[in-house]
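Peer 1: I'd like to ask you about the structure that follows.
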Amino acid sequence: MTEIMTDEPARADAGRSGDRRGLVVVLLAVLLALLLVGHRVIPNVHGLGSLVDSASPLLGLGVPLLALAALLRRSRRALVAVLLPAIAWGLLHGGAWLPSATGGGPTGIRVASQNLRAGNPDPGATLTPLVEAGADLIGLQEVDGGGPAAPGLRERYPHRAAVSTVALWSRYPIRDSTGVDTGLGWTRALRAVVATPRGDLVVYVAHLGSARAGDTATRDDSLRSLARTVRADRADRLVVLGDLNTATTDRVFRPLTDLLRDAQADAGQGFGFTWPSPVPLTRPDHVLYRGLTPTTAGVLRTPDSDHRAVTAGFRW
């Protein structure tokens, strides 16, 4: 009789080999899940923890890469392991893509913030998309002497307040404005009281200290200084517009998020990244608020700046 051979042992060996080959993917998936869940326990030495906090939304890019590696390795165990960082990322950041709970409805006032970029050859062109979007208030950072000019811009925004390199352009009267010390050694923030048709609105425009790799102390100190000023402000309705040089996921942002809400998180969709403008990877530009209800929030790409603009709409 002829003996019939089967390839079951060979298949079993191949399966075990595939699982062994997928072990590296499993380990990487577990490490990525731990990093997502525990990034805030990383010591903030030389800004390392702050950097990882700010980049945490981007860590989700590792999930499809690991899934692809698991498929190439033909490892079921690795594919299952990839679910760990996928679930962790979804719990932490997936809500940014869900429909907003407060968005929609009538909008009473529209605000925008734009870092113009020092040396911008045509700041008026940079602001044109914001004007066309119907912004009532525009907070500006890195404003060169004289401010932006464009046909009809000054007519549409007849009321202005400026301190150093920050400015507020408004369709409505500005009853009062003053510089705000953020501990930088020179004034790079302002507070203005805008008399809107629905009542007074306090608006801060701020450009906080820069953050460099391994050196975030200046930015951190200026953020805490701004938070102290906002905490002491008794205004019922308040908006902060500006380039704050960090993301809301950064642990050092907590002093502000304890006091104010984030319009993008409450009425926008997605992360709303703004920098660098061609391919944004983070969101240093913000619209924060209290005493209002956000109806819209978004990002506009504008020419001649390295930042995209942030926008939001509110109702009383």
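By order of appearance in the structure tokens: chains A, B, ..., then residues from 1 within every chain, and ligands from 1 in the order shown.
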Could you pull out the alpha helix (DSSP H) residues of stretch 100-290 of chain A, going by DSSP on the backbone, and write them as a VMD selection string?
Peer 2: chain A and resid 123 to 132 153 to 156 217 to 232 254 to 257 263 to 267
Peer 1: Please, what distance in Å, to one decimal, runs between atom CA of A:Leu292 and atom CA of A:Gly313?
Peer 2: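 Atom CA of A:Gly313 lies 9.7 Å from atom CA of A:Leu292.
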Peer 1: Skipping near chain neighbours, those fewer than 5 positions away, what residues fall within 9 Å of A:Thr187 using only C-alpha atoms, listed as a list in words?
Peer 2: Val163, Ser164, Thr165, Val166, Gly179, Val180, Asp181 and Thr182 of chain A
Peer 1: Can I get the selection written as a short mmCIF file (atom, residue, chain, number, x, y, z; two decimals), in the first residue's frame, with N, CA, C and O atoms?
Peer 2:
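The result, written out as part-v7.cif:
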data_model
loop_
_atom_site.label_atom_id
_atom_site.label_comp_id
_atom_site.auth_asym_id
_atom_site.auth_seq_id
_atom_site.Cartn_x
_atom_site.Cartn_y
_atom_site.Cartn_z
N VAL A 163 -0.64 96.10 20.66
CA VAL A 163 0.47 96.23 21.59
C VAL A 163 1.62 95.43 21.03
O VAL A 163 1.49 94.22 20.79
N SER A 164 2.72 96.11 20.78
CA SER A 164 3.90 95.42 20.27
C SER A 164 3.55 94.65 18.98
O SER A 164 3.11 95.25 18.01
N THR A 165 3.67 93.34 18.99
CA THR A 165 3.44 92.54 17.77
C THR A 165 2.12 91.78 17.79
O THR A 165 1.92 90.87 16.99
N VAL A 166 1.21 92.12 18.71
CA VAL A 166 -0.12 91.50 18.71
C VAL A 166 -1.16 92.59 18.50
O VAL A 166 -0.96 93.75 18.85
N GLY A 179 -2.07 96.35 27.55
CA GLY A 179 -1.11 95.28 27.40
C GLY A 179 -1.16 94.33 28.59
O GLY A 179 -1.53 94.72 29.70
N VAL A 180 -0.80 93.08 28.35
CA VAL A 180 -0.80 92.05 29.38
C VAL A 180 0.61 91.48 29.50
O VAL A 180 1.19 91.03 28.51
N ASP A 181 1.14 91.52 30.70
CA ASP A 181 2.49 91.01 30.95
C ASP A 181 2.44 89.49 31.08
O ASP A 181 1.74 88.95 31.93
N THR A 182 3.17 88.79 30.22
CA THR A 182 3.26 87.33 30.31
C THR A 182 4.67 86.89 30.69
O THR A 182 5.04 85.73 30.48
#
Peer 1: Taking 5 positions as the minimum chain separation for residues in the same chain, which residues sit within 10 Å of A:Pro129 when counting only C-alpha atoms? Answer as a PyMOL selection string.
Peer 2: chain A and resi 124+134-135+300-303+309
Peer 1: Could you check which of A:Val252, A:Ala70, A:Leu190, A:Leu241 is closest to A:Arg219, using only C-alpha atoms?
Peer 2: A:Val252
Peer 1: Pick the closest to A:Gly119 from A:Arg231, A:Ser305, A:Gly103, A:Leu51: which is it, counting only C-alpha atoms?
Peer 2: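 Smallest distance to A:Gly119 is found for A:Ser305.
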Peer 1: Got a sec: who's within 12 Å of A:Phe253, counting only C-alpha atoms, leaving out chain neighbours fewer than 4 positions off, as a VMD selection string?
Peer 2: chain A and resid 50 53 to 54 208 219 to 227 244 to 249 257 to 262 284 286 288
Peer 1: Please save N, CA and C atoms of the selected residues as a PDB file, in the first residue's frame.
Peer 2:
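Done, and the output landed in again-v9.pdb:
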ATOM      1  N   SER A  50       6.483  67.097  27.778  1.00  0.00           N
ATOM      2  CA  SER A  50       5.641  68.040  27.039  1.00  0.00           C
ATOM      3  C   SER A  50       5.603  67.689  25.560  1.00  0.00           C
ATOM      4  N   ASP A  53       3.465  64.551  25.074  1.00  0.00           N
ATOM      5  CA  ASP A  53       2.056  64.923  25.252  1.00  0.00           C
ATOM      6  C   ASP A  53       1.502  65.558  23.981  1.00  0.00           C
ATOM      7  N   SER A  54       2.246  66.524  23.445  1.00  0.00           N
ATOM      8  CA  SER A  54       1.776  67.245  22.273  1.00  0.00           C
ATOM      9  C   SER A  54       1.678  66.341  21.052  1.00  0.00           C
ATOM     10  N   LEU A 208       2.509  83.539  23.152  1.00  0.00           N
ATOM     11  CA  LEU A 208       3.335  83.118  24.277  1.00  0.00           C
ATOM     12  C   LEU A 208       4.757  82.809  23.837  1.00  0.00           C
ATOM     13  N   ARG A 219       8.289  79.292  27.439  1.00  0.00           N
ATOM     14  CA  ARG A 219       6.891  79.080  27.069  1.00  0.00           C
ATOM     15  C   ARG A 219       6.051  78.699  28.279  1.00  0.00           C
ATOM     16  N   ASP A 220       6.560  77.796  29.101  1.00  0.00           N
ATOM     17  CA  ASP A 220       5.810  77.337  30.265  1.00  0.00           C
ATOM     18  C   ASP A 220       5.534  78.481  31.237  1.00  0.00           C
ATOM     19  N   ASP A 221       6.535  79.308  31.480  1.00  0.00           N
ATOM     20  CA  ASP A 221       6.355  80.436  32.402  1.00  0.00           C
ATOM     21  C   ASP A 221       5.334  81.433  31.854  1.00  0.00           C
ATOM     22  N   SER A 222       5.391  81.702  30.545  1.00  0.00           N
ATOM     23  CA  SER A 222       4.455  82.664  29.973  1.00  0.00           C
ATOM     24  C   SER A 222       3.027  82.125  29.994  1.00  0.00           C
ATOM     25  N   LEU A 223       2.862  80.820  29.829  1.00  0.00           N
ATOM     26  CA  LEU A 223       1.525  80.223  29.885  1.00  0.00           C
ATOM     27  C   LEU A 223       0.953  80.331  31.297  1.00  0.00           C
ATOM     28  N   ARG A 224       1.778  80.033  32.277  1.00  0.00           N
ATOM     29  CA  ARG A 224       1.300  80.153  33.659  1.00  0.00           C
ATOM     30  C   ARG A 224       0.956  81.603  34.002  1.00  0.00           C
ATOM     31  N   SER A 225       1.734  82.534  33.469  1.00  0.00           N
ATOM     32  CA  SER A 225       1.459  83.949  33.724  1.00  0.00           C
ATOM     33  C   SER A 225       0.121  84.364  33.106  1.00  0.00           C
ATOM     34  N   LEU A 226      -0.133  83.925  31.872  1.00  0.00           N
ATOM     35  CA  LEU A 226      -1.418  84.226  31.242  1.00  0.00           C
ATOM     36  C   LEU A 226      -2.563  83.598  32.024  1.00  0.00           C
ATOM     37  N   ALA A 227      -2.376  82.380  32.500  1.00  0.00           N
ATOM     38  CA  ALA A 227      -3.422  81.707  33.275  1.00  0.00           C
ATOM     39  C   ALA A 227      -3.732  82.475  34.554  1.00  0.00           C
ATOM     40  N   LEU A 244      -0.274  80.039  21.224  1.00  0.00           N
ATOM     41  CA  LEU A 244       0.162  79.742  22.586  1.00  0.00           C
ATOM     42  C   LEU A 244       1.336  78.776  22.602  1.00  0.00           C
ATOM     43  N   ASN A 245       1.811  78.412  21.434  1.00  0.00           N
ATOM     44  CA  ASN A 245       3.025  77.617  21.276  1.00  0.00           C
ATOM     45  C   ASN A 245       3.000  76.273  21.998  1.00  0.00           C
ATOM     46  N   THR A 246       1.820  75.704  22.126  1.00  0.00           N
ATOM     47  CA  THR A 246       1.695  74.331  22.614  1.00  0.00           C
ATOM     48  C   THR A 246       0.306  73.815  22.297  1.00  0.00           C
ATOM     49  N   ALA A 247       0.143  72.503  22.412  1.00  0.00           N
ATOM     50  CA  ALA A 247      -1.141  71.866  22.118  1.00  0.00           C
ATOM     51  C   ALA A 247      -1.943  71.659  23.390  1.00  0.00           C
ATOM     52  N   THR A 248      -3.248  71.505  23.252  1.00  0.00           N
ATOM     53  CA  THR A 248      -4.090  71.288  24.429  1.00  0.00           C
ATOM     54  C   THR A 248      -3.804  69.955  25.103  1.00  0.00           C
ATOM     55  N   THR A 249      -3.163  69.008  24.393  1.00  0.00           N
ATOM     56  CA  THR A 249      -2.817  67.727  25.012  1.00  0.00           C
ATOM     57  C   THR A 249      -1.568  67.820  25.877  1.00  0.00           C
ATOM     58  N   THR A 257      -6.669  75.158  30.625  1.00  0.00           N
ATOM     59  CA  THR A 257      -7.843  74.315  30.415  1.00  0.00           C
ATOM     60  C   THR A 257      -8.645  74.119  31.701  1.00  0.00           C
ATOM     61  N   ASP A 258      -8.035  74.382  32.847  1.00  0.00           N
ATOM     62  CA  ASP A 258      -8.805  74.370  34.101  1.00  0.00           C
ATOM     63  C   ASP A 258      -9.736  75.576  34.183  1.00  0.00           C
ATOM     64  N   LEU A 259      -9.427  76.620  33.420  1.00  0.00           N
ATOM     65  CA  LEU A 259     -10.197  77.862  33.490  1.00  0.00           C
ATOM     66  C   LEU A 259     -11.109  78.073  32.294  1.00  0.00           C
ATOM     67  N   LEU A 260     -10.716  77.543  31.138  1.00  0.00           N
ATOM     68  CA  LEU A 260     -11.404  77.855  29.885  1.00  0.00           C
ATOM     69  C   LEU A 260     -11.691  76.592  29.103  1.00  0.00           C
ATOM     70  N   ARG A 261     -12.645  76.677  28.201  1.00  0.00           N
ATOM     71  CA  ARG A 261     -12.971  75.581  27.292  1.00  0.00           C
ATOM     72  C   ARG A 261     -12.288  75.807  25.952  1.00  0.00           C
ATOM     73  N   ASP A 262     -12.112  74.735  25.199  1.00  0.00           N
ATOM     74  CA  ASP A 262     -11.475  74.784  23.893  1.00  0.00           C
ATOM     75  C   ASP A 262     -12.559  74.699  22.817  1.00  0.00           C
ATOM     76  N   PRO A 284      -0.660  74.814  17.755  1.00  0.00           N
ATOM     77  CA  PRO A 284      -0.278  75.820  18.740  1.00  0.00           C
ATOM     78  C   PRO A 284      -1.244  76.998  18.802  1.00  0.00           C
ATOM     79  N   HIS A 286      -5.042  78.744  19.079  1.00  0.00           N
ATOM     80  CA  HIS A 286      -6.219  78.332  19.852  1.00  0.00           C
ATOM     81  C   HIS A 286      -7.277  79.427  19.932  1.00  0.00           C
ATOM     82  N   LEU A 288      -9.945  79.821  22.974  1.00  0.00           N
ATOM     83  CA  LEU A 288     -10.435  79.343  24.267  1.00  0.00           C
ATOM     84  C   LEU A 288     -11.508  80.308  24.759  1.00  0.00           C
TER      85      LEU A 288
END
Peer 1: Find the residues around stretch 156-158 of chain A up to 9 Å (only C-alpha atoms counted), leave out those fewer than 6 positions away in its own chain, and share them as a VMD selection string.
Peer 2: chain A and resid 131 136 to 138 169 to 173
Peer 1: Could you turn the residues from that selection into a file that holds all heavy atoms, as an mmCIF file, in the first residue's frame?
Peer 2:
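selection.cif, freshly written:
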data_model
loop_
_atom_site.group_PDB
_atom_site.id
_atom_site.type_symbol
_atom_site.label_atom_id
_atom_site.label_comp_id
_atom_site.auth_asym_id
_atom_site.auth_seq_id
_atom_site.Cartn_x
_atom_site.Cartn_y
_atom_site.Cartn_z
ATOM 1 N N VAL A 131 -11.615 87.376 6.347
ATOM 2 C CA VAL A 131 -12.640 88.383 6.054
ATOM 3 C C VAL A 131 -13.785 87.744 5.283
ATOM 4 O O VAL A 131 -14.968 87.953 5.590
ATOM 5 C CB VAL A 131 -12.035 89.555 5.259
ATOM 6 C CG1 VAL A 131 -13.119 90.563 4.875
ATOM 7 C CG2 VAL A 131 -10.931 90.228 6.058
ATOM 8 N N ASP A 136 -15.876 88.493 12.795
ATOM 9 C CA ASP A 136 -16.162 89.797 13.384
ATOM 10 C C ASP A 136 -14.963 90.338 14.156
ATOM 11 O O ASP A 136 -14.777 91.555 14.250
ATOM 12 C CB ASP A 136 -17.362 89.698 14.334
ATOM 13 C CG ASP A 136 -18.613 89.230 13.629
ATOM 14 O OD1 ASP A 136 -19.019 89.881 12.648
ATOM 15 O OD2 ASP A 136 -19.191 88.201 14.046
ATOM 16 N N LEU A 137 -14.188 89.443 14.737
ATOM 17 C CA LEU A 137 -12.989 89.800 15.493
ATOM 18 C C LEU A 137 -11.835 88.957 14.979
ATOM 19 O O LEU A 137 -11.979 87.743 14.803
ATOM 20 C CB LEU A 137 -13.171 89.532 16.988
ATOM 21 C CG LEU A 137 -14.395 90.135 17.691
ATOM 22 C CD1 LEU A 137 -14.472 89.635 19.127
ATOM 23 C CD2 LEU A 137 -14.313 91.645 17.665
ATOM 24 N N ILE A 138 -10.685 89.588 14.757
ATOM 25 C CA ILE A 138 -9.502 88.857 14.318
ATOM 26 C C ILE A 138 -8.344 89.203 15.246
ATOM 27 O O ILE A 138 -7.931 90.368 15.337
ATOM 28 C CB ILE A 138 -9.115 89.206 12.868
ATOM 29 C CG1 ILE A 138 -10.270 88.892 11.909
ATOM 30 C CG2 ILE A 138 -7.870 88.439 12.451
ATOM 31 C CD1 ILE A 138 -9.980 89.247 10.454
ATOM 32 N N TRP A 169 -8.395 93.239 15.575
ATOM 33 C CA TRP A 169 -9.193 93.991 14.622
ATOM 34 C C TRP A 169 -10.652 93.617 14.833
ATOM 35 O O TRP A 169 -10.984 92.434 14.905
ATOM 36 C CB TRP A 169 -8.755 93.674 13.188
ATOM 37 C CG TRP A 169 -7.410 94.257 12.846
ATOM 38 C CD1 TRP A 169 -6.272 94.175 13.587
ATOM 39 C CD2 TRP A 169 -7.086 95.006 11.684
ATOM 40 N NE1 TRP A 169 -5.256 94.822 12.962
ATOM 41 C CE2 TRP A 169 -5.712 95.339 11.785
ATOM 42 C CE3 TRP A 169 -7.809 95.413 10.566
ATOM 43 C CZ2 TRP A 169 -5.055 96.080 10.808
ATOM 44 C CZ3 TRP A 169 -7.150 96.148 9.586
ATOM 45 C CH2 TRP A 169 -5.791 96.483 9.706
ATOM 46 N N SER A 170 -11.512 94.633 14.925
ATOM 47 C CA SER A 170 -12.890 94.386 15.323
ATOM 48 C C SER A 170 -13.877 95.187 14.484
ATOM 49 O O SER A 170 -13.616 96.341 14.127
ATOM 50 C CB SER A 170 -13.074 94.758 16.802
ATOM 51 O OG SER A 170 -14.429 94.685 17.185
ATOM 52 N N ARG A 171 -15.005 94.560 14.187
ATOM 53 C CA ARG A 171 -16.120 95.273 13.553
ATOM 54 C C ARG A 171 -16.837 96.141 14.571
ATOM 55 O O ARG A 171 -17.555 97.080 14.191
ATOM 56 C CB ARG A 171 -17.103 94.273 12.947
ATOM 57 C CG ARG A 171 -16.579 93.534 11.719
ATOM 58 C CD ARG A 171 -17.650 92.576 11.212
ATOM 59 N NE ARG A 171 -18.889 93.306 10.928
ATOM 60 C CZ ARG A 171 -20.108 92.763 10.971
ATOM 61 N NH1 ARG A 171 -20.254 91.478 11.302
ATOM 62 N NH2 ARG A 171 -21.174 93.482 10.685
ATOM 63 N N TYR A 172 -16.681 95.831 15.846
ATOM 64 C CA TYR A 172 -17.425 96.513 16.899
ATOM 65 C C TYR A 172 -16.483 97.395 17.719
ATOM 66 O O TYR A 172 -15.269 97.159 17.786
ATOM 67 C CB TYR A 172 -18.097 95.487 17.815
ATOM 68 C CG TYR A 172 -18.932 94.473 17.070
ATOM 69 C CD1 TYR A 172 -18.671 93.106 17.179
ATOM 70 C CD2 TYR A 172 -19.974 94.875 16.238
ATOM 71 C CE1 TYR A 172 -19.436 92.176 16.490
ATOM 72 C CE2 TYR A 172 -20.736 93.962 15.538
ATOM 73 C CZ TYR A 172 -20.456 92.611 15.664
ATOM 74 O OH TYR A 172 -21.206 91.696 14.973
ATOM 75 N N PRO A 173 -17.032 98.408 18.374
ATOM 76 C CA PRO A 173 -16.193 99.317 19.158
ATOM 77 C C PRO A 173 -15.399 98.590 20.247
ATOM 78 O O PRO A 173 -15.894 97.644 20.873
ATOM 79 C CB PRO A 173 -17.210 100.278 19.781
ATOM 80 C CG PRO A 173 -18.390 100.241 18.859
ATOM 81 C CD PRO A 173 -18.449 98.828 18.351
#
Peer 1: Applying 9 Å and only C-alpha atoms, which residues near A:Ala192 remain after dropping the ones on its own chain fewer than 5 positions away? List them as number ranges by chain.
Peer 2: A: 161, 168, 174-179, 201-205
Peer 1: Store the residues picked out above in a file with N, CA and C atoms, as a CSV table (one decimal), in the first residue's frame.
Peer 2:
chain,number,residue,atom,x,y,z
A,161,ALA,N,-7.0,97.5,18.3
A,161,ALA,CA,-6.1,97.6,19.4
A,161,ALA,C,-4.9,96.9,19.2
A,168,LEU,N,-5.7,93.3,17.7
A,168,LEU,CA,-7.1,92.9,17.6
A,168,LEU,C,-7.8,93.8,16.6
A,174,ILE,N,-14.2,99.0,20.4
A,174,ILE,CA,-13.3,98.5,21.5
A,174,ILE,C,-13.3,99.6,22.6
A,175,ARG,N,-13.9,99.3,23.7
A,175,ARG,CA,-14.1,100.3,24.8
A,175,ARG,C,-12.8,100.5,25.6
A,176,ASP,N,-12.0,99.5,25.7
A,176,ASP,CA,-10.8,99.6,26.5
A,176,ASP,C,-9.8,98.5,26.0
A,177,SER,N,-8.5,98.8,26.1
A,177,SER,CA,-7.5,97.8,25.8
A,177,SER,C,-6.3,98.2,26.6
A,178,THR,N,-5.5,97.1,26.9
A,178,THR,CA,-4.3,97.3,27.7
A,178,THR,C,-3.4,96.1,27.4
A,179,GLY,N,-2.1,96.4,27.6
A,179,GLY,CA,-1.1,95.3,27.4
A,179,GLY,C,-1.2,94.3,28.6
A,201,LEU,N,-17.7,91.8,25.6
A,201,LEU,CA,-16.9,90.6,25.5
A,201,LEU,C,-15.5,90.9,25.7
A,202,VAL,N,-14.9,90.3,26.7
A,202,VAL,CA,-13.4,90.5,26.9
A,202,VAL,C,-12.6,89.5,26.0
A,203,VAL,N,-11.7,90.1,25.3
A,203,VAL,CA,-10.9,89.4,24.4
A,203,VAL,C,-9.4,89.5,24.7
A,204,TYR,N,-8.7,88.4,24.9
A,204,TYR,CA,-7.3,88.4,25.0
A,204,TYR,C,-6.7,87.9,23.7
A,205,VAL,N,-5.6,88.6,23.3
A,205,VAL,CA,-4.8,88.2,22.1
A,205,VAL,C,-3.4,88.0,22.6
Peer 1: Of the residues A:His93, A:Leu32, A:Glu142, A:Gly22, which is the one nearest to A:Leu71, using only C-alpha atoms?
Peer 2: A:Gly22
Peer 1: Can you measure atom CA of A:Thr311 to atom CA of A:Thr282 for me? One decimal in Å is fine.
Peer 2: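 One can read the atom CA of A:Thr311 to atom CA of A:Thr282 distance as 15.9 Å.
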Peer 1: Where does DSSP see strand (DSSP E or B) in stretch 36-200 of chain A, if you list the residues as a compact mmCIF listing (two decimals) with N, CA, C and O atoms, in the first residue's frame?
Peer 2:
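The result, stored in states-v1.txt:
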# COMPACT_ATOMS: atom_id res chain seq x y z
N ILE A 109 -21.52 85.72 17.08
CA ILE A 109 -20.26 86.40 16.80
C ILE A 109 -19.24 85.38 16.32
O ILE A 109 -19.20 84.24 16.80
N ARG A 110 -18.43 85.80 15.34
CA ARG A 110 -17.40 84.92 14.78
C ARG A 110 -16.03 85.52 15.07
O ARG A 110 -15.82 86.72 14.85
N VAL A 111 -15.11 84.67 15.54
CA VAL A 111 -13.78 85.13 15.88
C VAL A 111 -12.75 84.31 15.10
O VAL A 111 -13.04 83.20 14.64
N ALA A 112 -11.56 84.86 14.98
CA ALA A 112 -10.48 84.16 14.29
C ALA A 112 -9.15 84.59 14.89
O ALA A 112 -9.04 85.68 15.48
N SER A 113 -8.16 83.74 14.74
CA SER A 113 -6.81 84.08 15.18
C SER A 113 -5.83 83.65 14.10
O SER A 113 -5.95 82.56 13.54
N GLN A 114 -4.85 84.50 13.83
CA GLN A 114 -3.87 84.23 12.77
C GLN A 114 -2.48 84.72 13.18
O GLN A 114 -2.30 85.89 13.53
N ASN A 115 -1.51 83.83 13.16
CA ASN A 115 -0.12 84.23 13.25
C ASN A 115 0.31 84.62 11.83
O ASN A 115 0.37 83.79 10.94
N LEU A 137 -14.19 89.44 14.74
CA LEU A 137 -12.99 89.80 15.49
C LEU A 137 -11.84 88.96 14.98
O LEU A 137 -11.98 87.74 14.80
N ILE A 138 -10.68 89.59 14.76
CA ILE A 138 -9.50 88.86 14.32
C ILE A 138 -8.34 89.20 15.25
O ILE A 138 -7.93 90.37 15.34
N GLY A 139 -7.83 88.19 15.93
CA GLY A 139 -6.64 88.36 16.75
C GLY A 139 -5.41 88.02 15.92
O GLY A 139 -5.38 87.00 15.23
N LEU A 140 -4.39 88.89 15.98
CA LEU A 140 -3.21 88.73 15.14
C LEU A 140 -1.95 88.64 16.00
O LEU A 140 -1.83 89.32 17.02
N GLN A 141 -1.02 87.82 15.54
CA GLN A 141 0.30 87.73 16.16
C GLN A 141 1.36 87.92 15.09
O GLN A 141 1.12 87.69 13.91
N HIS A 159 -12.23 99.27 14.10
CA HIS A 159 -11.78 99.37 15.49
C HIS A 159 -10.61 98.42 15.70
O HIS A 159 -10.69 97.22 15.40
N ARG A 160 -9.52 98.97 16.24
CA ARG A 160 -8.31 98.18 16.39
C ARG A 160 -7.64 98.49 17.71
O ARG A 160 -7.68 99.62 18.20
N ALA A 161 -6.99 97.46 18.25
CA ALA A 161 -6.13 97.62 19.44
C ALA A 161 -4.85 96.87 19.15
O ALA A 161 -4.88 95.78 18.58
N ALA A 162 -3.72 97.44 19.52
CA ALA A 162 -2.43 96.80 19.23
C ALA A 162 -1.45 97.09 20.35
O ALA A 162 -1.43 98.19 20.92
N VAL A 163 -0.64 96.10 20.66
CA VAL A 163 0.47 96.23 21.59
C VAL A 163 1.62 95.43 21.03
O VAL A 163 1.49 94.22 20.79
N VAL A 166 1.21 92.12 18.71
CA VAL A 166 -0.12 91.50 18.71
C VAL A 166 -1.16 92.59 18.50
O VAL A 166 -0.96 93.75 18.85
N ALA A 167 -2.29 92.19 17.89
CA ALA A 167 -3.33 93.17 17.59
C ALA A 167 -4.69 92.50 17.55
O ALA A 167 -4.80 91.28 17.35
N LEU A 168 -5.72 93.31 17.73
CA LEU A 168 -7.10 92.86 17.59
C LEU A 168 -7.79 93.80 16.63
O LEU A 168 -7.79 95.02 16.82
N TRP A 169 -8.39 93.24 15.58
CA TRP A 169 -9.19 93.99 14.62
C TRP A 169 -10.65 93.62 14.83
O TRP A 169 -10.98 92.43 14.91
N SER A 170 -11.51 94.63 14.93
CA SER A 170 -12.89 94.39 15.32
C SER A 170 -13.88 95.19 14.48
O SER A 170 -13.62 96.34 14.13
N ILE A 174 -14.18 99.03 20.43
CA ILE A 174 -13.34 98.52 21.52
C ILE A 174 -13.32 99.59 22.60
O ILE A 174 -12.78 100.69 22.42
N ARG A 175 -13.95 99.28 23.72
CA ARG A 175 -14.12 100.29 24.77
C ARG A 175 -12.85 100.50 25.58
O ARG A 175 -12.63 101.58 26.15
N ASP A 176 -12.02 99.46 25.65
CA ASP A 176 -10.82 99.58 26.49
C ASP A 176 -9.83 98.52 26.04
O ASP A 176 -10.22 97.42 25.63
N SER A 177 -8.54 98.84 26.10
CA SER A 177 -7.52 97.85 25.80
C SER A 177 -6.26 98.16 26.58
O SER A 177 -5.96 99.34 26.85
N THR A 178 -5.53 97.12 26.92
CA THR A 178 -4.30 97.29 27.68
C THR A 178 -3.36 96.12 27.42
O THR A 178 -3.82 95.01 27.07
N GLY A 179 -2.07 96.35 27.55
CA GLY A 179 -1.11 95.28 27.40
C GLY A 179 -1.16 94.33 28.59
O GLY A 179 -1.53 94.72 29.70
N ALA A 189 0.99 90.39 24.59
CA ALA A 189 -0.41 90.01 24.79
C ALA A 189 -1.20 91.27 25.13
O ALA A 189 -0.64 92.25 25.64
N LEU A 190 -2.49 91.24 24.82
CA LEU A 190 -3.34 92.37 25.15
C LEU A 190 -4.70 91.88 25.63
O LEU A 190 -5.11 90.77 25.35
N ARG A 191 -5.37 92.76 26.36
CA ARG A 191 -6.74 92.52 26.80
C ARG A 191 -7.59 93.67 26.29
O ARG A 191 -7.24 94.84 26.46
N ALA A 192 -8.72 93.36 25.66
CA ALA A 192 -9.61 94.38 25.13
C ALA A 192 -11.04 94.06 25.53
O ALA A 192 -11.42 92.89 25.65
N VAL A 193 -11.83 95.10 25.73
CA VAL A 193 -13.27 94.97 25.99
C VAL A 193 -13.99 95.41 24.72
O VAL A 193 -13.93 96.57 24.33
N VAL A 194 -14.66 94.46 24.07
CA VAL A 194 -15.35 94.73 22.82
C VAL A 194 -16.84 94.90 23.10
O VAL A 194 -17.47 94.03 23.72
N ALA A 195 -17.39 96.01 22.64
CA ALA A 195 -18.82 96.29 22.83
C ALA A 195 -19.60 95.69 21.66
O ALA A 195 -19.86 96.36 20.66
N THR A 196 -19.98 94.43 21.77
CA THR A 196 -20.74 93.77 20.71
C THR A 196 -22.21 94.12 20.85
O THR A 196 -22.65 94.61 21.90
N GLY A 199 -23.65 92.66 23.99
CA GLY A 199 -23.04 92.96 25.28
C GLY A 199 -21.52 92.90 25.20
O GLY A 199 -20.94 92.52 24.18
N ASP A 200 -20.88 93.25 26.29
CA ASP A 200 -19.42 93.29 26.33
C ASP A 200 -18.81 91.89 26.27
O ASP A 200 -19.33 90.94 26.87
Peer 1: Which value, in Å to one decimal, gives the distance between atom CA of A:Thr229 and atom CA of A:Gln264?
Peer 2: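 Here the two named atoms are 22.5 Å from each other.
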